[in-house]
>>> print(open('structure21.cif').read())   # mmCIF, C-alpha atoms, pLDDT in the B column; chains and numbers go by the auth columns
data_model
loop_
_atom_site.group_PDB
_atom_site.id
_atom_site.type_symbol
_atom_site.label_atom_id
_atom_site.label_comp_id
_atom_site.label_asym_id
_atom_site.label_seq_id
_atom_site.Cartn_x
_atom_site.Cartn_y
_atom_site.Cartn_z
_atom_site.B_iso_or_equiv
_atom_site.auth_seq_id
_atom_site.auth_asym_id
ATOM 1 C CA MET A 1 16.018 6.872 -5.974 46.00 553 A
ATOM 2 C CA SER A 2 18.480 4.073 -5.245 48.00 554 A
ATOM 3 C CA LEU A 3 18.102 1.400 -2.594 49.00 555 A
ATOM 4 C CA ASP A 4 20.480 0.563 0.222 51.00 556 A
ATOM 5 C CA VAL A 5 21.461 -3.015 1.027 45.00 557 A
ATOM 6 C CA HIS A 6 18.355 -3.506 3.195 52.00 558 A
ATOM 7 C CA GLY A 7 15.793 -2.351 0.621 55.00 559 A
ATOM 8 C CA ALA A 8 15.064 1.121 2.022 60.00 560 A
ATOM 9 C CA ARG A 9 15.214 3.971 -0.459 66.00 561 A
ATOM 10 C CA ILE A 10 18.136 6.366 -0.167 63.00 562 A
ATOM 11 C CA LEU A 11 16.627 9.845 0.028 59.00 563 A
ATOM 12 C CA PHE A 12 19.796 11.955 -0.004 52.00 564 A
ATOM 13 C CA GLU A 13 23.423 12.112 1.112 56.00 565 A
ATOM 14 C CA ILE A 14 25.293 14.693 3.192 54.00 566 A
ATOM 15 C CA PRO A 15 28.767 15.096 1.588 51.00 567 A
ATOM 16 C CA ILE A 16 30.065 17.547 4.217 53.00 568 A
ATOM 17 C CA LEU A 17 29.538 14.887 6.912 50.00 569 A
ATOM 18 C CA GLY A 18 31.510 12.204 5.130 53.00 570 A
ATOM 19 C CA GLY A 19 28.761 11.152 2.752 57.00 571 A
ATOM 20 C CA ILE A 20 26.238 10.097 5.409 70.00 572 A
ATOM 21 C CA VAL A 21 23.284 8.423 3.704 72.00 573 A
ATOM 22 C CA ILE A 22 19.754 9.331 4.803 77.00 574 A
ATOM 23 C CA THR A 23 17.270 6.571 3.999 81.00 575 A
ATOM 24 C CA GLU A 24 13.545 6.098 4.427 85.00 576 A
ATOM 25 C CA THR A 25 14.322 4.078 7.530 86.00 577 A
ATOM 26 C CA VAL A 26 15.998 7.044 9.230 86.00 578 A
ATOM 27 C CA VAL A 27 13.362 9.598 8.221 88.00 579 A
ATOM 28 C CA ASN A 28 10.382 7.385 9.071 89.00 580 A
ATOM 29 C CA THR A 29 11.911 6.410 12.410 92.00 581 A
ATOM 30 C CA TRP A 30 12.244 10.074 13.348 93.00 582 A
ATOM 31 C CA ILE A 31 8.656 10.654 12.239 93.00 583 A
ATOM 32 C CA VAL A 32 7.484 7.809 14.476 94.00 584 A
ATOM 33 C CA MET A 33 9.535 9.117 17.408 94.00 585 A
ATOM 34 C CA ALA A 34 8.026 12.584 16.939 95.00 586 A
ATOM 35 C CA VAL A 35 4.533 11.062 16.958 95.00 587 A
ATOM 36 C CA ILE A 36 5.289 9.120 20.149 94.00 588 A
ATOM 37 C CA VAL A 37 6.715 12.206 21.874 94.00 589 A
ATOM 38 C CA GLY A 38 3.689 14.233 20.798 94.00 590 A
ATOM 39 C CA LEU A 39 1.355 11.538 22.083 93.00 591 A
ATOM 40 C CA CYS A 40 3.171 11.447 25.430 91.00 592 A
ATOM 41 C CA ILE A 41 2.928 15.236 25.758 91.00 593 A
ATOM 42 C CA PHE A 42 -0.768 15.097 24.907 91.00 594 A
ATOM 43 C CA LEU A 43 -1.530 12.357 27.454 88.00 595 A
ATOM 44 C CA THR A 44 0.458 13.928 30.289 86.00 596 A
ATOM 45 C CA ARG A 45 -0.377 17.595 29.778 85.00 597 A
ATOM 46 C CA GLY A 46 -2.059 19.181 32.795 80.00 598 A
ATOM 47 C CA MET A 47 -1.818 16.104 35.023 78.00 599 A
ATOM 48 C CA GLN A 48 -3.205 16.318 38.551 80.00 600 A
ATOM 49 C CA VAL A 49 -2.829 14.281 41.735 77.00 601 A
ATOM 50 C CA HIS A 50 -6.205 12.630 41.128 77.00 602 A
ATOM 51 C CA ALA A 51 -7.024 11.690 37.559 70.00 603 A
ATOM 52 C CA ARG A 52 -9.962 13.721 36.264 77.00 604 A
ATOM 53 C CA THR A 53 -9.483 13.422 32.519 83.00 605 A
ATOM 54 C CA LYS A 54 -9.554 10.477 30.149 87.00 606 A
ATOM 55 C CA ARG A 55 -6.062 11.416 28.969 85.00 607 A
ATOM 56 C CA GLN A 56 -4.586 11.081 32.444 86.00 608 A
ATOM 57 C CA ILE A 57 -6.490 7.849 33.086 88.00 609 A
ATOM 58 C CA ILE A 58 -5.022 6.355 29.898 89.00 610 A
ATOM 59 C CA ALA A 59 -1.518 7.585 30.794 88.00 611 A
ATOM 60 C CA GLU A 60 -1.707 6.107 34.292 89.00 612 A
ATOM 61 C CA PHE A 61 -3.073 2.831 32.905 91.00 613 A
ATOM 62 C CA ILE A 62 -0.123 2.512 30.512 91.00 614 A
ATOM 63 C CA VAL A 63 2.406 3.285 33.264 90.00 615 A
ATOM 64 C CA LYS A 64 0.832 0.763 35.635 91.00 616 A
ATOM 65 C CA LYS A 65 0.764 -1.972 32.988 92.00 617 A
ATOM 66 C CA VAL A 66 4.405 -1.439 32.017 91.00 618 A
ATOM 67 C CA ASN A 67 5.512 -1.337 35.667 90.00 619 A
ATOM 68 C CA SER A 68 3.564 -4.518 36.352 90.00 620 A
ATOM 69 C CA MET A 69 5.091 -6.258 33.332 90.00 621 A
ATOM 70 C CA VAL A 70 8.641 -5.251 34.292 89.00 622 A
ATOM 71 C CA GLY A 71 8.122 -6.197 37.926 87.00 623 A
ATOM 72 C CA GLU A 72 6.722 -9.629 37.078 87.00 624 A
ATOM 73 C CA ASN A 73 9.332 -10.533 34.461 86.00 625 A
ATOM 74 C CA MET A 74 12.470 -8.805 35.724 85.00 626 A
ATOM 75 C CA GLY A 75 11.913 -8.278 39.434 80.00 627 A
ATOM 76 C CA GLU A 76 10.889 -5.278 41.505 79.00 628 A
ATOM 77 C CA ARG A 77 14.466 -3.976 41.779 79.00 629 A
ATOM 78 C CA PHE A 78 14.494 -3.127 38.067 79.00 630 A
ATOM 79 C CA LEU A 79 11.627 -0.663 38.538 72.00 631 A
ATOM 80 C CA ASN A 80 13.931 1.693 40.438 73.00 632 A
ATOM 81 C CA VAL A 81 16.699 1.830 37.823 74.00 633 A
ATOM 82 C CA GLY A 82 14.773 3.027 34.786 80.00 634 A
ATOM 83 C CA TYR A 83 13.991 -0.206 32.948 88.00 635 A
ATOM 84 C CA ALA A 84 10.232 0.402 32.816 90.00 636 A
ATOM 85 C CA PRO A 85 10.608 3.535 30.617 90.00 637 A
ATOM 86 C CA LEU A 86 13.115 1.642 28.463 91.00 638 A
ATOM 87 C CA ILE A 87 10.721 -1.256 27.883 92.00 639 A
ATOM 88 C CA ALA A 88 7.851 1.141 27.175 92.00 640 A
ATOM 89 C CA ALA A 89 10.008 3.063 24.690 92.00 641 A
ATOM 90 C CA ILE A 90 11.098 -0.088 22.837 93.00 642 A
ATOM 91 C CA MET A 91 7.579 -1.498 22.692 93.00 643 A
ATOM 92 C CA SER A 92 5.955 1.711 21.492 94.00 644 A
ATOM 93 C CA LEU A 93 8.713 2.404 18.958 93.00 645 A
ATOM 94 C CA SER A 94 8.541 -1.138 17.579 93.00 646 A
ATOM 95 C CA ALA A 95 4.742 -1.157 17.335 92.00 647 A
ATOM 96 C CA PHE A 96 4.448 2.302 15.791 92.00 648 A
ATOM 97 C CA CYS A 97 7.288 1.650 13.325 90.00 649 A
ATOM 98 C CA SER A 98 5.582 -1.530 12.119 88.00 650 A
ATOM 99 C CA LEU A 99 2.129 0.079 12.012 87.00 651 A
ATOM 100 C CA SER A 100 3.466 2.965 9.908 86.00 652 A
ATOM 101 C CA SER A 101 3.141 0.695 6.862 80.00 653 A
ATOM 102 C CA MET A 102 -0.655 0.997 7.186 77.00 654 A
ATOM 103 C CA ILE A 103 -0.464 4.655 6.114 80.00 655 A
ATOM 104 C CA GLY A 104 1.880 3.966 3.202 75.00 656 A
ATOM 105 C CA LEU A 105 5.236 4.589 4.906 81.00 657 A
ATOM 106 C CA TYR A 106 8.181 2.232 4.671 83.00 658 A
ATOM 107 C CA ALA A 107 8.165 0.415 8.017 85.00 659 A
ATOM 108 C CA PRO A 108 11.548 0.924 9.748 88.00 660 A
ATOM 109 C CA THR A 109 11.177 -2.570 11.226 88.00 661 A
ATOM 110 C CA SER A 110 11.350 -3.918 7.670 84.00 662 A
ATOM 111 C CA ASP A 111 14.987 -2.779 7.672 86.00 663 A
ATOM 112 C CA LEU A 112 17.258 -5.302 9.368 87.00 664 A
ATOM 113 C CA SER A 113 19.658 -2.577 10.512 87.00 665 A
ATOM 114 C CA THR A 114 16.940 -1.147 12.758 90.00 666 A
ATOM 115 C CA LEU A 115 16.413 -4.422 14.603 91.00 667 A
ATOM 116 C CA LEU A 116 20.140 -5.117 14.791 91.00 668 A
ATOM 117 C CA GLY A 117 20.632 -1.743 16.458 91.00 669 A
ATOM 118 C CA TRP A 118 17.962 -2.475 19.056 92.00 670 A
ATOM 119 C CA SER A 119 19.318 -5.975 19.651 93.00 671 A
ATOM 120 C CA LEU A 120 22.860 -4.632 20.082 93.00 672 A
ATOM 121 C CA MET A 121 21.581 -2.273 22.758 92.00 673 A
ATOM 122 C CA VAL A 122 19.887 -5.191 24.533 92.00 674 A
ATOM 123 C CA PHE A 123 23.094 -7.224 24.250 92.00 675 A
ATOM 124 C CA VAL A 124 25.065 -4.429 25.933 92.00 676 A
ATOM 125 C CA LEU A 125 22.536 -4.354 28.794 92.00 677 A
ATOM 126 C CA ILE A 126 22.711 -8.143 29.139 90.00 678 A
ATOM 127 C CA THR A 127 26.509 -8.047 29.316 90.00 679 A
ATOM 128 C CA TYR A 128 26.441 -5.142 31.775 90.00 680 A
ATOM 129 C CA ASN A 129 24.111 -7.006 34.143 88.00 681 A
ATOM 130 C CA LYS A 130 26.251 -10.147 33.916 88.00 682 A
ATOM 131 C CA PHE A 131 29.330 -8.146 34.858 87.00 683 A
ATOM 132 C CA ARG A 132 27.431 -6.474 37.672 86.00 684 A
ATOM 133 C CA ALA A 133 26.110 -9.770 39.033 83.00 685 A
ATOM 134 C CA GLY A 134 29.300 -11.849 38.933 81.00 686 A
ATOM 135 C CA GLY A 135 32.112 -9.459 38.148 84.00 687 A
ATOM 136 C CA PRO A 136 34.616 -9.910 35.295 84.00 688 A
ATOM 137 C CA LEU A 137 35.795 -13.297 36.611 87.00 689 A
ATOM 138 C CA GLY A 138 32.245 -14.536 37.052 83.00 690 A
ATOM 139 C CA TYR A 139 31.382 -13.409 33.531 83.00 691 A
ATOM 140 C CA ILE A 140 34.328 -15.313 32.046 85.00 692 A
ATOM 141 C CA LYS A 141 33.639 -18.338 34.238 85.00 693 A
ATOM 142 C CA GLY A 142 30.093 -18.488 32.865 82.00 694 A
ATOM 143 C CA TYR A 143 31.443 -19.463 29.459 84.00 695 A
ATOM 144 C CA PHE A 144 32.899 -22.661 30.967 84.00 696 A
ATOM 145 C CA GLN A 145 29.646 -23.769 32.613 82.00 697 A
ATOM 146 C CA PRO A 146 28.530 -26.447 33.165 81.00 698 A
ATOM 147 C CA ILE A 147 31.689 -28.046 31.732 83.00 699 A
ATOM 148 C CA PRO A 148 34.723 -26.416 30.035 84.00 700 A
ATOM 149 C CA VAL A 149 34.234 -28.333 26.794 85.00 701 A
ATOM 150 C CA LEU A 150 31.099 -26.271 26.122 83.00 702 A
ATOM 151 C CA LEU A 151 33.104 -23.040 25.803 86.00 703 A
ATOM 152 C CA PRO A 152 32.670 -22.723 21.981 87.00 704 A
ATOM 153 C CA PHE A 153 28.946 -23.364 22.207 88.00 705 A
ATOM 154 C CA ASN A 154 28.502 -20.852 25.037 85.00 706 A
ATOM 155 C CA ILE A 155 30.329 -18.197 23.008 88.00 707 A
ATOM 156 C CA ILE A 156 28.115 -18.900 19.990 89.00 708 A
ATOM 157 C CA SER A 157 25.014 -18.812 22.194 86.00 709 A
ATOM 158 C CA GLU A 158 26.063 -15.465 23.681 85.00 710 A
ATOM 159 C CA PHE A 159 26.350 -13.729 20.335 85.00 711 A
ATOM 160 C CA ALA A 160 23.405 -15.605 18.825 88.00 712 A
ATOM 161 C CA THR A 161 21.052 -13.962 21.324 87.00 713 A
ATOM 162 C CA PRO A 162 20.924 -10.476 19.733 87.00 714 A
ATOM 163 C CA LEU A 163 21.005 -11.951 16.230 89.00 715 A
ATOM 164 C CA SER A 164 18.050 -14.237 16.927 89.00 716 A
ATOM 165 C CA MET A 165 16.056 -11.348 18.408 90.00 717 A
ATOM 166 C CA ALA A 166 16.742 -9.153 15.385 90.00 718 A
ATOM 167 C CA PHE A 167 16.055 -11.781 12.738 88.00 719 A
ATOM 168 C CA ARG A 168 12.903 -13.021 14.486 87.00 720 A
ATOM 169 C CA HIS A 169 11.358 -9.554 14.530 87.00 721 A
ATOM 170 C CA PHE A 170 12.616 -8.658 11.061 86.00 722 A
ATOM 171 C CA GLY A 171 11.479 -11.943 9.520 83.00 723 A
ATOM 172 C CA ASN A 172 7.914 -11.632 10.770 81.00 724 A
ATOM 173 C CA ILE A 173 7.475 -8.015 9.688 80.00 725 A
ATOM 174 C CA ALA A 174 9.249 -8.423 6.337 77.00 726 A
ATOM 175 C CA SER A 175 7.367 -11.642 5.528 77.00 727 A
ATOM 176 C CA GLY A 176 4.070 -9.865 6.194 75.00 728 A
ATOM 177 C CA THR A 177 5.062 -7.123 3.751 72.00 729 A
ATOM 178 C CA VAL A 178 6.029 -9.674 1.100 76.00 730 A
ATOM 179 C CA ILE A 179 2.859 -11.719 1.555 77.00 731 A
ATOM 180 C CA THR A 180 0.688 -8.589 1.352 74.00 732 A
ATOM 181 C CA GLY A 181 2.419 -7.635 -1.911 75.00 733 A
ATOM 182 C CA LEU A 182 1.827 -11.124 -3.308 79.00 734 A
ATOM 183 C CA ILE A 183 -1.840 -10.939 -2.323 78.00 735 A
ATOM 184 C CA TYR A 184 -2.235 -7.627 -4.167 73.00 736 A
ATOM 185 C CA ALA A 185 -0.551 -9.083 -7.261 78.00 737 A
ATOM 186 C CA ALA A 186 -2.678 -12.252 -7.170 78.00 738 A
ATOM 187 C CA LEU A 187 -5.909 -10.282 -6.761 76.00 739 A
ATOM 188 C CA SER A 188 -4.951 -8.052 -9.673 76.00 740 A
ATOM 189 C CA SER A 189 -4.422 -11.082 -11.920 78.00 741 A
ATOM 190 C CA LEU A 190 -7.615 -12.738 -10.652 75.00 742 A
ATOM 191 C CA SER A 191 -9.593 -9.554 -11.213 74.00 743 A
ATOM 192 C CA HIS A 192 -8.353 -9.353 -14.800 72.00 744 A
ATOM 193 C CA ALA A 193 -9.148 -13.036 -15.426 74.00 745 A
ATOM 194 C CA VAL A 194 -12.678 -12.779 -13.984 72.00 746 A
ATOM 195 C CA PHE A 195 -13.898 -9.492 -15.458 70.00 747 A
ATOM 196 C CA SER A 196 -12.197 -9.754 -18.844 73.00 748 A
ATOM 197 C CA ILE A 197 -14.562 -12.596 -19.800 73.00 749 A
ATOM 198 C CA LEU A 198 -17.471 -10.156 -19.811 71.00 750 A
ATOM 199 C CA PRO A 199 -18.612 -9.366 -23.329 74.00 751 A
ATOM 200 C CA GLY A 200 -17.645 -6.288 -25.296 68.00 752 A
ATOM 201 C CA ALA A 201 -16.260 -3.039 -24.013 70.00 753 A
ATOM 202 C CA LEU A 202 -17.465 -3.786 -20.468 66.00 754 A
ATOM 203 C CA GLY A 203 -15.015 -6.676 -20.180 65.00 755 A
ATOM 204 C CA GLN A 204 -12.168 -4.616 -21.619 68.00 756 A
ATOM 205 C CA VAL A 205 -12.742 -1.781 -19.154 66.00 757 A
ATOM 206 C CA LEU A 206 -13.396 -3.815 -16.006 66.00 758 A
ATOM 207 C CA GLY A 207 -10.643 -6.294 -16.880 65.00 759 A
ATOM 208 C CA ASN A 208 -8.057 -3.515 -16.532 72.00 760 A
ATOM 209 C CA ILE A 209 -9.379 -2.351 -13.148 68.00 761 A
ATOM 210 C CA PRO A 210 -8.198 -4.434 -10.150 68.00 762 A
ATOM 211 C CA LEU A 211 -11.602 -4.406 -8.467 64.00 763 A
ATOM 212 C CA LEU A 212 -10.813 -7.402 -6.268 66.00 764 A
ATOM 213 C CA GLN A 213 -8.038 -5.400 -4.593 63.00 765 A
ATOM 214 C CA VAL A 214 -10.708 -3.290 -2.913 67.00 766 A
ATOM 215 C CA GLY A 215 -11.602 -4.511 0.563 63.00 767 A
ATOM 216 C CA ILE A 216 -10.155 -8.022 0.457 66.00 768 A
ATOM 217 C CA PRO A 217 -6.536 -7.058 1.378 65.00 769 A
ATOM 218 C CA ALA A 218 -7.883 -5.203 4.415 64.00 770 A
ATOM 219 C CA ILE A 219 -8.845 -8.559 5.955 69.00 771 A
ATOM 220 C CA PHE A 220 -5.250 -9.799 5.732 69.00 772 A
ATOM 221 C CA SER A 221 -3.978 -6.396 6.851 67.00 773 A
ATOM 222 C CA VAL A 222 -5.715 -6.845 10.204 70.00 774 A
ATOM 223 C CA TYR A 223 -3.304 -9.689 10.932 72.00 775 A
ATOM 224 C CA PHE A 224 -0.112 -8.779 9.076 70.00 776 A
ATOM 225 C CA ASP A 225 -0.144 -5.041 9.773 73.00 777 A
ATOM 226 C CA LEU A 226 -2.046 -4.726 13.035 78.00 778 A
ATOM 227 C CA PHE A 227 -2.007 -7.908 15.110 81.00 779 A
ATOM 228 C CA SER A 228 1.437 -9.146 14.010 81.00 780 A
ATOM 229 C CA SER A 229 3.027 -5.705 14.501 84.00 781 A
ATOM 230 C CA CYS A 230 1.814 -5.421 18.095 87.00 782 A
ATOM 231 C CA LEU A 231 2.611 -9.077 18.779 87.00 783 A
ATOM 232 C CA GLN A 232 6.212 -8.780 17.583 89.00 784 A
ATOM 233 C CA ALA A 233 6.731 -5.626 19.657 90.00 785 A
ATOM 234 C CA PHE A 234 5.444 -7.495 22.719 91.00 786 A
ATOM 235 C CA ILE A 235 7.626 -10.556 22.025 91.00 787 A
ATOM 236 C CA PHE A 236 10.753 -8.434 21.516 92.00 788 A
ATOM 237 C CA CYS A 237 10.183 -6.689 24.849 92.00 789 A
ATOM 238 C CA MET A 238 9.420 -9.947 26.651 92.00 790 A
ATOM 239 C CA LEU A 239 12.692 -11.445 25.392 91.00 791 A
ATOM 240 C CA THR A 240 14.530 -8.274 26.425 91.00 792 A
ATOM 241 C CA MET A 241 13.167 -8.502 29.955 91.00 793 A
ATOM 242 C CA MET A 242 13.815 -12.226 30.241 90.00 794 A
ATOM 243 C CA TYR A 243 17.428 -12.016 29.022 89.00 795 A
ATOM 244 C CA ILE A 244 18.308 -9.013 31.182 89.00 796 A
ATOM 245 C CA GLY A 245 16.538 -10.421 34.236 85.00 797 A
ATOM 246 C CA SER A 246 18.284 -13.763 33.807 85.00 798 A
ATOM 247 C CA ALA A 247 21.677 -12.048 33.371 83.00 799 A
ATOM 248 C CA ALA A 248 21.214 -10.095 36.592 78.00 800 A
ATOM 249 C CA GLU A 249 20.659 -13.301 38.543 75.00 801 A
ATOM 250 C CA GLY A 250 24.177 -14.469 37.682 62.00 802 A
#
>>> encode(input="structure21.cif", output="structure tokens")
Amino acid sequence: MSLDVHGARILFEIPILGGIVITETVVNTWIVMAVIVGLCIFLTRGMQVHARTKRQIIAEFIVKKVNSMVGENMGERFLNVGYAPLIAAIMSLSAFCSLSSMIGLYAPTSDLSTLLGWSLMVFVLITYNKFRAGGPLGYIKGYFQPIPVLLPFNIISEFATPLSMAFRHFGNIASGTVITGLIYAALSSLSHAVFSILPGALGQVLGNIPLLQVGIPAIFSVYFDLFSSCLQAFIFCMLTMMYIGSAAEG
């Protein structure tokens, strides 16, 4: 299988649709979305006015936490226009996509195109709220603040926002994948160097088995695959809320 420009394997092409390329990123993202939808259905099935099941208690806890986070960082008015579900969707999709690497899948967040797509969506929402807050003239006037000479820098800053969000998330997830691969390679070499010094056939057999790869990488995986994945999802959503909330203030 060949690789696309972002490192994801190309699984197949659809000639009748203009040669659309289907990569691991696309397939794994749909798998993650199906898992999230299934989890939502499971948690909300058979809900009642008063929570009587652990599933409903968990579902209500998640909703309350997301609403609280949106209200505190964006303002109460954003709760009534659908931003809480958006933030919850982005956070869960980002976290689950990154965590998919723990079961051997290619993490969609390791593909820069995924993060660029999310960041572009956030950029559209930022621009929309700026237009809504100050109108077209107010939006254009903002590029000349606080002094007209800063126009080039304000333009660069405007378009640097989605790029910085994408590259920050991508860099942390991709670097974790690279470091984990280096750790596996180093442990394999160390295992060969340590066990090959044993005498006779025992050294020959054990020297070819990467015994040190068992257990030790799991310690690093707790950070790179678990903690870092959830942290980057949280940071991406926090930046989304801050930028949109700031844009709405004019």
>>> closest_residue(input="structure21.cif", among="A:Ala800, A:Val701, A:Cys782, A:Ala685", to="A:Ser650", atoms="all atoms listed in the file")
A:Cys782
>>> residues_around(input="structure21.cif", residues="stretch 666-681 of chain A", least_positions_apart="3", cutoff="8 Å", atoms="all atoms listed in the file", output="number ranges by chain")
A: 577, 660-661, 663, 684-685, 713-715, 717-719, 721-722, 792, 795-796, 799-800
>>> closest_residue(input="structure21.cif", among="A:Ala640, A:Ile707, A:Leu651, A:Ile692", to="A:Lys617", atoms="all atoms listed in the file")
A:Ala640
>>> closest_residue(input="structure21.cif", among="A:Val622, A:Val774, A:Ala636, A:Val587", to="A:Thr732", atoms="all atoms listed in the file")
A:Val774
>>> atom_distance(input="structure21.cif", atom1="atom CA of A:Asn632", atom2="atom CA of A:Arg597")
23.9 Å
>>> resolve_selection(input="structure21.cif", expression="the PyMOL selection byres ((chain A and resi 595) around 7)", output="list in words")
Leu591, Cys592, Ile593, Phe594, Thr596, Arg597, Arg607, Gln608 and Ala611 of chain A
>>> atom_distance(input="structure21.cif", atom1="atom CA of A:Glu624", atom2="atom CA of A:Gly686")
22.8 Å
>>> resolve_selection(input="structure21.cif", expression="the PyMOL selection byres ((chain A and resi 693) around 12)", output="ChimeraX atom specification")
/A:682-683,686-692,694-700,702-703,706-707,802
>>> build_atoms(input="structure21.cif", residues="stretch 734-745 of chain A", atoms="N, CA and C atoms", output="PDB file, keeping the file's coordinate frame")
ATOM      1  N   LEU A 734       2.239  -9.990  -2.477  1.00 79.00           N
ATOM      2  CA  LEU A 734       1.827 -11.124  -3.308  1.00 79.00           C
ATOM      3  C   LEU A 734       0.305 -11.214  -3.414  1.00 79.00           C
ATOM      4  N   ILE A 735      -0.375 -10.907  -2.308  1.00 78.00           N
ATOM      5  CA  ILE A 735      -1.840 -10.939  -2.323  1.00 78.00           C
ATOM      6  C   ILE A 735      -2.386  -9.890  -3.286  1.00 78.00           C
ATOM      7  N   TYR A 736      -1.805  -8.688  -3.240  1.00 73.00           N
ATOM      8  CA  TYR A 736      -2.235  -7.627  -4.167  1.00 73.00           C
ATOM      9  C   TYR A 736      -2.016  -8.055  -5.616  1.00 73.00           C
ATOM     10  N   ALA A 737      -0.852  -8.656  -5.897  1.00 78.00           N
ATOM     11  CA  ALA A 737      -0.551  -9.083  -7.261  1.00 78.00           C
ATOM     12  C   ALA A 737      -1.505 -10.189  -7.709  1.00 78.00           C
ATOM     13  N   ALA A 738      -1.781 -11.148  -6.824  1.00 78.00           N
ATOM     14  CA  ALA A 738      -2.678 -12.252  -7.170  1.00 78.00           C
ATOM     15  C   ALA A 738      -4.098 -11.753  -7.406  1.00 78.00           C
ATOM     16  N   LEU A 739      -4.557 -10.819  -6.586  1.00 76.00           N
ATOM     17  CA  LEU A 739      -5.909 -10.282  -6.761  1.00 76.00           C
ATOM     18  C   LEU A 739      -6.029  -9.475  -8.045  1.00 76.00           C
ATOM     19  N   SER A 740      -4.934  -8.791  -8.412  1.00 76.00           N
ATOM     20  CA  SER A 740      -4.951  -8.052  -9.673  1.00 76.00           C
ATOM     21  C   SER A 740      -5.098  -8.994 -10.853  1.00 76.00           C
ATOM     22  N   SER A 741      -4.332 -10.095 -10.840  1.00 78.00           N
ATOM     23  CA  SER A 741      -4.422 -11.082 -11.920  1.00 78.00           C
ATOM     24  C   SER A 741      -5.785 -11.755 -11.934  1.00 78.00           C
ATOM     25  N   LEU A 742      -6.308 -12.087 -10.741  1.00 75.00           N
ATOM     26  CA  LEU A 742      -7.615 -12.738 -10.652  1.00 75.00           C
ATOM     27  C   LEU A 742      -8.721 -11.809 -11.128  1.00 75.00           C
ATOM     28  N   SER A 743      -8.599 -10.530 -10.773  1.00 74.00           N
ATOM     29  CA  SER A 743      -9.593  -9.554 -11.213  1.00 74.00           C
ATOM     30  C   SER A 743      -9.617  -9.439 -12.730  1.00 74.00           C
ATOM     31  N   HIS A 744      -8.427  -9.430 -13.335  1.00 72.00           N
ATOM     32  CA  HIS A 744      -8.353  -9.353 -14.800  1.00 72.00           C
ATOM     33  C   HIS A 744      -8.955 -10.609 -15.439  1.00 72.00           C
ATOM     34  N   ALA A 745      -8.647 -11.782 -14.856  1.00 74.00           N
ATOM     35  CA  ALA A 745      -9.148 -13.036 -15.426  1.00 74.00           C
ATOM     36  C   ALA A 745     -10.667 -13.143 -15.313  1.00 74.00           C
TER      37      ALA A 745
END
